>>> print(open('my_file_20.pdb').read())   # PDB, C-alpha atoms
ATOM      1  CA  LEU S   2    -115.623  86.668-142.231
ATOM      2  CA  VAL S   3    -115.814  84.244-139.309
ATOM      3  CA  PHE S   4    -119.588  84.521-139.230
ATOM      4  CA  ASP S   5    -119.822  83.901-142.979
ATOM      5  CA  TRP S   6    -117.691  80.770-142.569
ATOM      6  CA  PHE S   7    -119.767  79.635-139.593
ATOM      7  CA  ALA S   8    -123.065  80.132-141.425
ATOM      8  CA  GLU S   9    -121.871  77.961-144.317
ATOM      9  CA  HIS S  10    -120.812  75.073-142.045
ATOM     10  CA  LEU S  11    -123.745  74.826-139.651
ATOM     11  CA  LYS S  12    -124.711  71.416-141.008
ATOM     12  CA  LEU S  13    -121.348  70.003-139.929
ATOM     13  CA  LEU S  14    -121.914  71.089-136.326
ATOM     14  CA  GLU S  15    -125.439  69.694-136.469
ATOM     15  CA  LYS S  16    -124.105  66.354-137.698
ATOM     16  CA  VAL S  17    -121.511  66.151-134.925
ATOM     17  CA  VAL S  18    -124.072  66.863-132.179
ATOM     18  CA  THR S  19    -126.599  64.428-133.676
ATOM     19  CA  VAL S  20    -124.147  61.550-134.132
ATOM     20  CA  TYR S  21    -122.413  61.903-130.785
ATOM     21  CA  SER S  22    -125.656  62.318-128.852
ATOM     22  CA  MET S  23    -126.548  58.741-129.659
ATOM     23  CA  GLN S  24    -126.122  56.085-127.006
ATOM     24  CA  GLY S  25    -122.677  54.520-126.894
ATOM     25  CA  CYS S  26    -120.747  57.249-128.696
ATOM     26  CA  ASP S  27    -117.800  59.247-127.399
ATOM     27  CA  ASP S  28    -119.135  61.817-124.929
ATOM     28  CA  GLU S  29    -115.851  63.750-124.998
ATOM     29  CA  VAL S  30    -116.435  64.674-128.649
ATOM     30  CA  LEU S  31    -119.851  65.983-127.703
ATOM     31  CA  LEU S  32    -118.337  68.105-124.938
ATOM     32  CA  LEU S  33    -115.866  69.599-127.426
ATOM     33  CA  ALA S  34    -118.791  70.504-129.697
ATOM     34  CA  PHE S  35    -120.461  72.148-126.703
ATOM     35  CA  LYS S  36    -117.264  74.065-125.973
ATOM     36  CA  PHE S  37    -117.197  75.313-129.555
ATOM     37  CA  MET S  38    -120.839  76.439-129.284
ATOM     38  CA  LEU S  39    -119.980  78.141-126.001
ATOM     39  CA  GLU S  40    -117.354  80.229-127.780
ATOM     40  CA  LEU S  41    -119.763  81.100-130.593
ATOM     41  CA  ALA S  42    -122.346  82.295-128.069
ATOM     42  CA  ASP S  43    -119.832  84.389-126.103
ATOM     43  CA  ASN S  44    -120.402  88.070-126.691
ATOM     44  CA  SER S  45    -118.799  89.365-123.488
ATOM     45  CA  THR S  46    -116.343  91.504-125.490
ATOM     46  CA  ASN S  47    -118.841  92.426-128.229
ATOM     47  CA  ARG S  48    -117.248  90.038-130.685
ATOM     48  CA  LEU S  49    -120.653  89.514-132.317
ATOM     49  CA  ARG S  50    -121.421  93.058-133.342
ATOM     50  CA  PHE S  51    -124.928  92.609-134.600
ATOM     51  CA  ASP S  52    -127.691  95.067-134.059
ATOM     52  CA  THR S  53    -130.085  93.442-131.572
ATOM     53  CA  TRP S  54    -132.715  93.247-134.339
ATOM     54  CA  SER S  55    -130.276  91.792-136.891
ATOM     55  CA  ILE S  56    -131.289  88.477-138.430
ATOM     56  CA  ASN S  57    -127.668  87.294-138.005
ATOM     57  CA  GLY S  58    -128.049  87.232-134.236
ATOM     58  CA  LEU S  59    -131.160  85.114-134.623
ATOM     59  CA  ILE S  60    -129.262  82.707-136.909
ATOM     60  CA  VAL S  61    -126.552  82.143-134.271
ATOM     61  CA  PHE S  62    -129.105  81.652-131.515
ATOM     62  CA  LYS S  63    -131.500  79.478-133.531
ATOM     63  CA  GLU S  64    -128.827  77.064-134.733
ATOM     64  CA  ILE S  65    -127.116  76.540-131.389
ATOM     65  CA  ALA S  66    -130.442  76.404-129.539
ATOM     66  CA  SER S  67    -131.718  73.681-131.874
ATOM     67  CA  HIS S  68    -128.612  71.539-131.217
ATOM     68  CA  LEU S  69    -129.000  71.899-127.457
ATOM     69  CA  THR S  70    -132.724  71.152-127.554
ATOM     70  CA  ASN S  71    -132.162  68.044-129.670
ATOM     71  CA  PHE S  72    -129.452  66.921-127.292
ATOM     72  CA  PHE S  73    -131.719  67.231-124.260
ATOM     73  CA  SER S  74    -134.496  65.328-126.011
ATOM     74  CA  CYS S  75    -132.417  62.332-127.135
ATOM     75  CA  HIS S  76    -129.787  62.092-124.369
ATOM     76  CA  ASP S  77    -131.799  62.005-121.135
ATOM     77  CA  PHE S  78    -128.728  62.050-118.917
ATOM     78  CA  LEU S  79    -130.248  64.017-116.038
ATOM     79  CA  SER S  80    -133.407  61.996-115.546
ATOM     80  CA  THR S  81    -133.489  59.464-112.742
ATOM     81  CA  THR S  82    -134.756  56.972-115.317
ATOM     82  CA  GLY S  83    -131.994  57.816-117.790
ATOM     83  CA  LYS S  84    -128.445  56.578-118.166
ATOM     84  CA  PRO S  85    -127.255  55.372-114.721
ATOM     85  CA  VAL S  86    -124.114  56.822-113.153
ATOM     86  CA  GLN S  87    -121.286  54.311-113.253
ATOM     87  CA  ALA S  88    -118.636  56.078-111.177
ATOM     88  CA  ASP S  89    -118.570  59.900-111.146
ATOM     89  CA  ALA S  90    -121.836  61.880-111.244
ATOM     90  CA  TYR S  91    -120.061  65.078-112.301
ATOM     91  CA  LYS S  92    -118.219  63.563-115.255
ATOM     92  CA  GLU S  93    -121.172  61.486-116.395
ATOM     93  CA  ARG S  94    -124.014  63.975-115.862
ATOM     94  CA  PHE S  95    -123.298  67.348-114.381
ATOM     95  CA  LYS S  96    -120.553  68.472-116.762
ATOM     96  CA  TYR S  97    -123.111  68.373-119.599
ATOM     97  CA  LEU S  98    -125.498  70.442-117.525
ATOM     98  CA  LYS S  99    -122.702  72.935-116.839
ATOM     99  CA  ARG S 100    -121.926  73.329-120.549
ATOM    100  CA  ALA S 101    -125.594  73.674-121.529
ATOM    101  CA  THR S 102    -126.244  76.193-118.752
ATOM    102  CA  ASP S 103    -123.138  78.173-119.746
ATOM    103  CA  ILE S 104    -124.258  78.353-123.373
ATOM    104  CA  THR S 105    -127.823  79.340-122.491
ATOM    105  CA  GLY S 106    -126.507  81.858-119.959
ATOM    106  CA  ARG S 107    -124.402  83.521-122.626
ATOM    107  CA  PHE S 108    -127.478  83.839-124.808
ATOM    108  CA  VAL S 109    -129.299  85.481-121.929
ATOM    109  CA  LEU S 110    -126.445  87.893-121.190
ATOM    110  CA  GLY S 111    -124.998  88.312-124.693
ATOM    111  CA  ASN S 112    -126.999  91.369-125.775
ATOM    112  CA  TYR S 113    -126.667  90.442-129.429
ATOM    113  CA  ILE S 114    -130.238  89.280-129.921
ATOM    114  CA  ASN S 115    -133.584  90.678-128.895
ATOM    115  CA  PHE S 116    -135.557  87.528-128.112
ATOM    116  CA  ALA S 117    -138.750  89.248-129.208
ATOM    117  CA  MET S 118    -137.389  88.573-132.693
ATOM    118  CA  CYS S 119    -138.354  84.935-132.189
ATOM    119  CA  GLU S 120    -141.973  86.031-131.863
ATOM    120  CA  TYR S 121    -141.664  88.406-134.797
ATOM    121  CA  TYR S 122    -140.493  85.575-137.055
ATOM    122  CA  ASN S 123    -142.889  83.047-135.474
ATOM    123  CA  ASP S 124    -139.889  81.079-134.253
ATOM    124  CA  ASP S 125    -140.174  78.960-131.100
ATOM    125  CA  SER S 126    -136.444  78.276-130.607
ATOM    126  CA  PHE S 127    -136.338  80.342-127.421
ATOM    127  CA  SER S 128    -139.294  78.669-125.741
ATOM    128  CA  GLN S 129    -138.167  75.173-126.770
ATOM    129  CA  LEU S 130    -134.648  75.693-125.427
ATOM    130  CA  ILE S 131    -135.735  77.235-122.124
ATOM    131  CA  ASN S 132    -138.359  74.556-121.674
ATOM    132  CA  ALA S 133    -135.702  71.855-122.217
ATOM    133  CA  VAL S 134    -133.160  73.496-119.901
ATOM    134  CA  PHE S 135    -135.594  74.057-117.034
ATOM    135  CA  ARG S 136    -137.062  70.562-117.300
ATOM    136  CA  SER S 137    -133.540  69.146-117.160
ATOM    137  CA  LEU S 138    -132.755  71.258-114.098
ATOM    138  CA  LEU S 139    -135.911  69.961-112.435
ATOM    139  CA  ASN S 140    -134.685  66.397-112.967
ATOM    140  CA  VAL S 141    -131.537  67.084-110.971
ATOM    141  CA  ASP S 142    -131.154  65.618-107.494
ATOM    142  CA  MET S 143    -130.617  68.871-105.588
ATOM    143  CA  LYS S 144    -128.947  67.133-102.645
ATOM    144  CA  GLN S 145    -126.443  65.576-105.012
ATOM    145  CA  LEU S 146    -125.953  68.883-106.829
ATOM    146  CA  ALA S 147    -125.211  70.634-103.516
ATOM    147  CA  GLY S 148    -122.014  68.598-103.362
ATOM    148  CA  TYR S 149    -120.704  70.581-106.354
ATOM    149  CA  SER S 150    -120.829  74.109-104.964
ATOM    150  CA  LYS S 151    -119.496  75.947-108.041
ATOM    151  CA  LEU S 152    -122.041  74.309-110.336
ATOM    152  CA  HIS S 153    -124.785  74.835-107.738
ATOM    153  CA  ARG S 154    -124.017  78.569-107.658
ATOM    154  CA  LYS S 155    -123.804  78.760-111.452
ATOM    155  CA  ILE S 156    -127.264  77.232-111.901
ATOM    156  CA  LEU S 157    -128.894  79.531-109.337
ATOM    157  CA  MET S 158    -127.124  82.533-110.902
ATOM    158  CA  PHE S 159    -128.463  81.497-114.316
ATOM    159  CA  VAL S 160    -132.032  81.309-112.955
ATOM    160  CA  GLU S 161    -131.629  84.723-111.303
ATOM    161  CA  GLU S 162    -130.412  86.404-114.510
ATOM    162  CA  PHE S 163    -133.089  84.704-116.556
ATOM    163  CA  PHE S 164    -135.845  85.882-114.209
ATOM    164  CA  LYS S 165    -134.465  89.419-114.337
ATOM    165  CA  ARG S 166    -134.553  89.605-118.130
ATOM    166  CA  HIS S 167    -137.049  87.226-119.681
ATOM    167  CA  LEU S 168    -140.164  86.813-117.541
ATOM    168  CA  GLU S 169    -142.383  88.406-120.182
ATOM    169  CA  LEU S 170    -141.552  85.771-122.784
ATOM    170  CA  THR S 171    -141.621  83.120-120.071
ATOM    171  CA  PHE S 172    -145.237  83.921-119.183
ATOM    172  CA  LEU S 173    -146.215  84.103-122.835
ATOM    173  CA  LYS S 174    -144.509  80.910-123.981
ATOM    174  CA  LEU S 175    -144.078  78.460-121.089
ATOM    175  CA  ASP S 176    -146.608  76.430-119.120
ATOM    176  CA  PHE S 177    -147.569  77.747-115.694
ATOM    177  CA  GLU S 178    -146.819  74.313-114.251
ATOM    178  CA  LEU S 179    -143.180  74.647-115.324
ATOM    179  CA  ILE S 180    -142.807  78.116-113.764
ATOM    180  CA  ILE S 181    -144.366  76.891-110.507
ATOM    181  CA  ALA S 182    -142.104  73.816-110.502
ATOM    182  CA  VAL S 183    -139.008  76.009-110.928
ATOM    183  CA  VAL S 184    -140.114  78.127-107.968
ATOM    184  CA  ASN S 185    -140.982  75.161-105.745
ATOM    185  CA  GLN S 186    -138.078  72.849-106.635
ATOM    186  CA  LEU S 187    -135.212  75.203-107.500
ATOM    187  CA  LEU S 188    -135.829  78.426-105.596
ATOM    188  CA  PHE S 189    -137.705  77.747-102.352
ATOM    189  CA  PRO S 190    -135.419  74.872-101.214
ATOM    190  CA  ASN S 191    -132.328  77.046-101.720
ATOM    191  CA  LEU S 192    -133.599  79.875 -99.512
ATOM    192  CA  GLY S 193    -132.268  77.901 -96.562
ATOM    193  CA  ASP S 194    -128.904  77.026 -98.104
ATOM    194  CA  SER S 195    -125.876  77.538 -95.890
ATOM    195  CA  GLU S 196    -124.051  79.512 -98.603
ATOM    196  CA  PHE S 197    -125.027  83.172 -98.747
ATOM    197  CA  ALA S 198    -124.530  83.538-102.529
ATOM    198  CA  ILE S 199    -126.953  80.696-103.280
ATOM    199  CA  LYS S 200    -129.569  82.047-100.864
ATOM    200  CA  SER S 201    -129.153  85.466-102.439
ATOM    201  CA  ASN S 202    -129.610  84.121-105.995
ATOM    202  CA  ALA S 203    -132.800  82.294-104.990
ATOM    203  CA  LEU S 204    -134.175  85.311-103.125
ATOM    204  CA  LEU S 205    -133.423  87.746-105.955
ATOM    205  CA  SER S 206    -135.063  85.392-108.467
ATOM    206  CA  LEU S 207    -138.236  85.350-106.377
ATOM    207  CA  ASP S 208    -138.035  89.113-105.973
ATOM    208  CA  SER S 209    -137.919  89.567-109.762
ATOM    209  CA  LEU S 210    -140.898  87.252-110.175
ATOM    210  CA  ASN S 211    -142.940  89.035-107.486
ATOM    211  CA  GLU S 212    -142.088  92.465-108.883
ATOM    212  CA  PHE S 213    -143.024  91.384-112.422
ATOM    213  CA  ILE S 214    -146.391  90.007-111.295
ATOM    214  CA  PHE S 215    -147.143  93.022-109.073
ATOM    215  CA  ASN S 216    -146.325  95.555-111.802
ATOM    216  CA  ASN S 217    -148.420  93.735-114.386
ATOM    217  CA  LEU S 218    -151.373  93.390-112.042
ATOM    218  CA  ARG S 219    -151.171  97.050-110.997
ATOM    219  CA  LYS S 220    -150.803  98.333-114.558
ATOM    220  CA  PRO S 221    -151.717  95.693-117.168
ATOM    221  CA  SER S 222    -150.069  96.126-120.546
ATOM    222  CA  LYS S 223    -152.395  97.647-123.146
ATOM    223  CA  LYS S 224    -149.982  96.730-125.927
ATOM    224  CA  ARG S 225    -149.827  93.090-124.818
ATOM    225  CA  PRO S 226    -153.296  92.167-123.525
ATOM    226  CA  GLU S 227    -152.389  88.467-123.778
ATOM    227  CA  LEU S 228    -149.571  89.060-121.267
ATOM    228  CA  ALA S 229    -151.925  90.809-118.830
ATOM    229  CA  GLN S 230    -154.334  87.894-119.141
ATOM    230  CA  LYS S 231    -151.578  85.319-118.548
ATOM    231  CA  VAL S 232    -150.296  87.125-115.428
ATOM    232  CA  GLN S 233    -153.823  87.400-114.045
ATOM    233  CA  GLN S 234    -154.422  83.694-114.643
ATOM    234  CA  PHE S 235    -151.113  82.828-112.964
ATOM    235  CA  TYR S 236    -151.932  84.987-109.936
ATOM    236  CA  ASN S 237    -155.373  83.456-109.569
TER     237      ASN S 237
END
>>> encode(input="my_file_20.pdb", output="structure tokens")
Amino acid sequence: LVFDWFAEHLKLLEKVVTVYSMQGCDDEVLLLAFKFMLELADNSTNRLRFDTWSINGLIVFKEIASHLTNFFSCHDFLSTTGKPVQADAYKERFKYLKRATDITGRFVLGNYINFAMCEYYNDDSFSQLINAVFRSLLNVDMKQLAGYSKLHRKILMFVEEFFKRHLELTFLKLDFELIIAVVNQLLFPNLGDSEFAIKSNALLSLDSLNEFIFNNLRKPSKKRPELAQKVQQFYN
């Protein structure tokens, strides 16, 4: 019943995110919309009992992903050339990043959608969202972010889980330059972090990437020759 109600009122959520993403509007309303989307994406207790190939799971993901992607594109709050910080970097920038990373993380960990469905339906919601999230992360001043240890850990944990689960679609859908930038700007610099958990997240992310490349070079996929070709090109 809740899902049926949600599906009928998606346009209202879209309107809220669109209106309050515009310059000069109330950011707190936007954060509340993000919080609502965060709850919709939460499947930690199997509240969204869809089969992983159910179209309903794709509807939830596609709608929320489109709102996040639109937000990143029109509200460039993380870029150094974007809206300047007036007083508090966390309240004015990083809290949005936290919400967006939380929502995307729950998609990654939710187990209510098989992201291969996006390919099956020729839908690029997954690649657009991940592209937007990673490009926003790359805009972050890592020295400034290090001052917010909980958020710093959360972002590295998100990258680790993403690399564990979705490297196949990453290689098929994202530019090599973006993958290399994530490695060079987000992972390598954090290998020397003073906090063990952050070092561990960065190291395990690189381990997943190396294992994925090694396995695909050693035994290229016959079912996905385009993947084998992409991995070979990346390695070269």
>>> closest_residue(input="my_file_20.pdb", among="S:Leu228, S:Leu157, S:Val30, S:Val134", to="Ile199 in chain S", atoms="all atoms listed in the file")
S:Leu157
>>> resolve_selection(input="my_file_20.pdb", expression="the PyMOL selection byres ((chain S and resi 138) around 12)", output="VMD selection string")
chain S and resid 73 77 to 81 94 to 95 97 to 99 101 to 102 131 to 137 139 to 143 146 152 to 153 155 to 157 159 to 160 179 182 to 184 186 to 188
>>> write_last_selection(input="my_file_20.pdb", atoms="C-alpha atoms", output="PDB file, in the coordinates of the input")
ATOM      1  CA  PHE S  73    -131.719  67.231-124.260  1.00  0.00           C
ATOM      2  CA  ASP S  77    -131.799  62.005-121.135  1.00  0.00           C
ATOM      3  CA  PHE S  78    -128.728  62.050-118.917  1.00  0.00           C
ATOM      4  CA  LEU S  79    -130.248  64.017-116.038  1.00  0.00           C
ATOM      5  CA  SER S  80    -133.407  61.996-115.546  1.00  0.00           C
ATOM      6  CA  THR S  81    -133.489  59.464-112.742  1.00  0.00           C
ATOM      7  CA  ARG S  94    -124.014  63.975-115.862  1.00  0.00           C
ATOM      8  CA  PHE S  95    -123.298  67.348-114.381  1.00  0.00           C
ATOM      9  CA  TYR S  97    -123.111  68.373-119.599  1.00  0.00           C
ATOM     10  CA  LEU S  98    -125.498  70.442-117.525  1.00  0.00           C
ATOM     11  CA  LYS S  99    -122.702  72.935-116.839  1.00  0.00           C
ATOM     12  CA  ALA S 101    -125.594  73.674-121.529  1.00  0.00           C
ATOM     13  CA  THR S 102    -126.244  76.193-118.752  1.00  0.00           C
ATOM     14  CA  ILE S 131    -135.735  77.235-122.124  1.00  0.00           C
ATOM     15  CA  ASN S 132    -138.359  74.556-121.674  1.00  0.00           C
ATOM     16  CA  ALA S 133    -135.702  71.855-122.217  1.00  0.00           C
ATOM     17  CA  VAL S 134    -133.160  73.496-119.901  1.00  0.00           C
ATOM     18  CA  PHE S 135    -135.594  74.057-117.034  1.00  0.00           C
ATOM     19  CA  ARG S 136    -137.062  70.562-117.300  1.00  0.00           C
ATOM     20  CA  SER S 137    -133.540  69.146-117.160  1.00  0.00           C
ATOM     21  CA  LEU S 139    -135.911  69.961-112.435  1.00  0.00           C
ATOM     22  CA  ASN S 140    -134.685  66.397-112.967  1.00  0.00           C
ATOM     23  CA  VAL S 141    -131.537  67.084-110.971  1.00  0.00           C
ATOM     24  CA  ASP S 142    -131.154  65.618-107.494  1.00  0.00           C
ATOM     25  CA  MET S 143    -130.617  68.871-105.588  1.00  0.00           C
ATOM     26  CA  LEU S 146    -125.953  68.883-106.829  1.00  0.00           C
ATOM     27  CA  LEU S 152    -122.041  74.309-110.336  1.00  0.00           C
ATOM     28  CA  HIS S 153    -124.785  74.835-107.738  1.00  0.00           C
ATOM     29  CA  LYS S 155    -123.804  78.760-111.452  1.00  0.00           C
ATOM     30  CA  ILE S 156    -127.264  77.232-111.901  1.00  0.00           C
ATOM     31  CA  LEU S 157    -128.894  79.531-109.337  1.00  0.00           C
ATOM     32  CA  PHE S 159    -128.463  81.497-114.316  1.00  0.00           C
ATOM     33  CA  VAL S 160    -132.032  81.309-112.955  1.00  0.00           C
ATOM     34  CA  LEU S 179    -143.180  74.647-115.324  1.00  0.00           C
ATOM     35  CA  ALA S 182    -142.104  73.816-110.502  1.00  0.00           C
ATOM     36  CA  VAL S 183    -139.008  76.009-110.928  1.00  0.00           C
ATOM     37  CA  VAL S 184    -140.114  78.127-107.968  1.00  0.00           C
ATOM     38  CA  GLN S 186    -138.078  72.849-106.635  1.00  0.00           C
ATOM     39  CA  LEU S 187    -135.212  75.203-107.500  1.00  0.00           C
ATOM     40  CA  LEU S 188    -135.829  78.426-105.596  1.00  0.00           C
TER      41      LEU S 188
END
>>> closest_residue(input="my_file_20.pdb", among="S:Lys174, S:Arg166, S:Arg225, S:Arg154", to="Glu196 in chain S", atoms="all atoms listed in the file")
S:Arg154
>>> atom_distance(input="my_file_20.pdb", atom1="CA of Phe72 in chain S", atom2="CA of Leu210 in chain S")
28.9 Å
>>> atom_distance(input="my_file_20.pdb", atom1="CA of Thr70 in chain S", atom2="CA of Ile214 in chain S")
28.4 Å
>>> resolve_selection(input="my_file_20.pdb", expression="the PyMOL selection byres ((chain S and resi 204) around 12)", output="list in words")
Leu157, Met158, Val160, Glu161, Phe164, Lys165, Val184, Leu187, Leu188, Phe189, Pro190, Asn191, Leu192, Gly193, Asp194, Phe197, Ala198, Ile199, Lys200, Ser201, Asn202, Ala203, Leu205, Ser206, Leu207, Asp208, Ser209, Leu210 and Asn211 of chain S
>>> closest_residue(input="my_file_20.pdb", among="S:Glu212, S:Glu169, S:Asp89, S:Asp103", to="Ser128 in chain S", atoms="only C-alpha atoms")
S:Glu169
>>> atom_distance(input="my_file_20.pdb", atom1="CA of Phe108 in chain S", atom2="CA of Ser67 in chain S")
13.1 Å
>>> build_atoms(input="my_file_20.pdb", residues="range 60-77 of chain S", atoms="N, CA, C and O atoms", output="mmCIF file, keeping the file's coordinate frame")
data_model
loop_
_atom_site.group_PDB
_atom_site.id
_atom_site.type_symbol
_atom_site.label_atom_id
_atom_site.label_comp_id
_atom_site.auth_asym_id
_atom_site.auth_seq_id
_atom_site.Cartn_x
_atom_site.Cartn_y
_atom_site.Cartn_z
ATOM 1 N N ILE S 60 -129.837 83.910 -136.290
ATOM 2 C CA ILE S 60 -129.262 82.707 -136.909
ATOM 3 C C ILE S 60 -128.348 81.992 -135.924
ATOM 4 O O ILE S 60 -128.422 80.771 -135.751
ATOM 5 N N VAL S 61 -127.462 82.748 -135.251
ATOM 6 C CA VAL S 61 -126.552 82.143 -134.271
ATOM 7 C C VAL S 61 -127.352 81.465 -133.165
ATOM 8 O O VAL S 61 -127.109 80.303 -132.806
ATOM 9 N N PHE S 62 -128.308 82.208 -132.611
ATOM 10 C CA PHE S 62 -129.105 81.652 -131.515
ATOM 11 C C PHE S 62 -129.901 80.431 -131.961
ATOM 12 O O PHE S 62 -129.893 79.394 -131.296
ATOM 13 N N LYS S 63 -130.605 80.544 -133.072
ATOM 14 C CA LYS S 63 -131.500 79.478 -133.531
ATOM 15 C C LYS S 63 -130.740 78.177 -133.768
ATOM 16 O O LYS S 63 -131.192 77.100 -133.377
ATOM 17 N N GLU S 64 -129.583 78.268 -134.413
ATOM 18 C CA GLU S 64 -128.827 77.064 -134.733
ATOM 19 C C GLU S 64 -128.292 76.375 -133.478
ATOM 20 O O GLU S 64 -128.436 75.179 -133.299
ATOM 21 N N ILE S 65 -127.675 77.145 -132.597
ATOM 22 C CA ILE S 65 -127.116 76.540 -131.389
ATOM 23 C C ILE S 65 -128.231 76.046 -130.479
ATOM 24 O O ILE S 65 -128.140 74.965 -129.881
ATOM 25 N N ALA S 66 -129.319 76.814 -130.378
ATOM 26 C CA ALA S 66 -130.442 76.404 -129.539
ATOM 27 C C ALA S 66 -131.048 75.094 -130.031
ATOM 28 O O ALA S 66 -131.428 74.229 -129.231
ATOM 29 N N SER S 67 -131.136 74.915 -131.341
ATOM 30 C CA SER S 67 -131.718 73.681 -131.874
ATOM 31 C C SER S 67 -130.852 72.473 -131.532
ATOM 32 O O SER S 67 -131.374 71.397 -131.215
ATOM 33 N N HIS S 68 -129.510 72.646 -131.570
ATOM 34 C CA HIS S 68 -128.612 71.539 -131.217
ATOM 35 C C HIS S 68 -128.759 71.164 -129.744
ATOM 36 O O HIS S 68 -128.808 69.978 -129.394
ATOM 37 N N LEU S 69 -128.838 72.173 -128.888
ATOM 38 C CA LEU S 69 -129.000 71.899 -127.457
ATOM 39 C C LEU S 69 -130.338 71.223 -127.165
ATOM 40 O O LEU S 69 -130.407 70.265 -126.395
ATOM 41 N N THR S 70 -131.396 71.726 -127.784
ATOM 42 C CA THR S 70 -132.724 71.152 -127.554
ATOM 43 C C THR S 70 -132.783 69.705 -128.007
ATOM 44 O O THR S 70 -133.324 68.836 -127.309
ATOM 45 N N ASN S 71 -132.200 69.423 -129.175
ATOM 46 C CA ASN S 71 -132.162 68.044 -129.670
ATOM 47 C C ASN S 71 -131.356 67.151 -128.743
ATOM 48 O O ASN S 71 -131.715 65.994 -128.503
ATOM 49 N N PHE S 72 -130.274 67.694 -128.210
ATOM 50 C CA PHE S 72 -129.452 66.921 -127.292
ATOM 51 C C PHE S 72 -130.235 66.541 -126.041
ATOM 52 O O PHE S 72 -130.223 65.392 -125.601
ATOM 53 N N PHE S 73 -130.935 67.507 -125.465
ATOM 54 C CA PHE S 73 -131.719 67.231 -124.260
ATOM 55 C C PHE S 73 -132.803 66.188 -124.525
ATOM 56 O O PHE S 73 -133.116 65.367 -123.668
ATOM 57 N N SER S 74 -133.383 66.229 -125.713
ATOM 58 C CA SER S 74 -134.496 65.328 -126.011
ATOM 59 C C SER S 74 -134.049 63.891 -126.259
ATOM 60 O O SER S 74 -134.791 62.951 -125.971
ATOM 61 N N CYS S 75 -132.829 63.692 -126.777
ATOM 62 C CA CYS S 75 -132.417 62.332 -127.135
ATOM 63 C C CYS S 75 -131.366 61.752 -126.193
ATOM 64 O O CYS S 75 -131.007 60.591 -126.297
ATOM 65 N N HIS S 76 -130.848 62.556 -125.266
ATOM 66 C CA HIS S 76 -129.787 62.092 -124.369
ATOM 67 C C HIS S 76 -130.212 62.448 -122.944
ATOM 68 O O HIS S 76 -129.732 63.412 -122.371
ATOM 69 N N ASP S 77 -131.125 61.665 -122.392
ATOM 70 C CA ASP S 77 -131.799 62.005 -121.135
ATOM 71 C C ASP S 77 -130.896 61.698 -119.944
ATOM 72 O O ASP S 77 -131.205 60.888 -119.093
#
